[in-house]
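Colleague: Can you keep this structure in mind? I'll have questions shortly.
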Amino acid sequence: MTDTKTKTREIPAAIILTPAAEQRIADLMAKAPEDVIGVKLSTPRRGCSGLAYSVDYVTEEVKFDEKIVTPGGVFYVDGPSVLYLIGSTMDWQEDDFTAGFVFSNPNSKGDCGCGESFTV
């Protein structure tokens, strides 16, 4: 009998969260309704360029969603959206006039003029 060990490597997450994004997820989870299990990013068809980023609370896991455990809570990426988001970075930015998640997506081939949607 031979002793063979299978080596597995950890698969990197589809999207990288900055510390500011992780903190914002923690803030959202701290004030979330009781049945919420995490925060989910999806890319619904919307806007002039075709796809938009949408971040929402989730109350149940969906089979093909990617699950990323952060210090402040669980972050999910919508399964069908993963393909559009691989290699992206999600940040949280605030200034005197605006606050929101900001995405650096290497798969995006263009953005609409208002910055609400993107195309791949």
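Naming scheme: A, B, ... for chains in displayed order of the structure tokens; residues 1 onward per chain; ligands 1 onward as shown.
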Using DSSP on the backbone coordinates, identify the residues of stretch 10-110 of chain A assigned to alpha helix (DSSP H); present them as an MDAnalysis selection string.

Modeller: chainID A and resid 19:30 82:85

Colleague: Just asking: which residues within chain A are strand (DSSP E or B) according to DSSP, as number ranges by chain?

Modeller: A: 15-17, 38-42, 45-46, 50-52, 54-58, 66-70, 73-77, 88-94, 99-104, 110-111, 117-119

Colleague: Work out how far atom CA of A:Glu66 is from atom CA of A:Lys109, in Å to one decimal.

Modeller: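 Answer for the atom CA of A:Lys109 to atom CA of A:Glu66 separation: 23.3 Å.
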
Colleague: What is the atom CA of A:Ala32 to atom CA of A:Tyr57 distance in Å?

Modeller: 7.8 Å
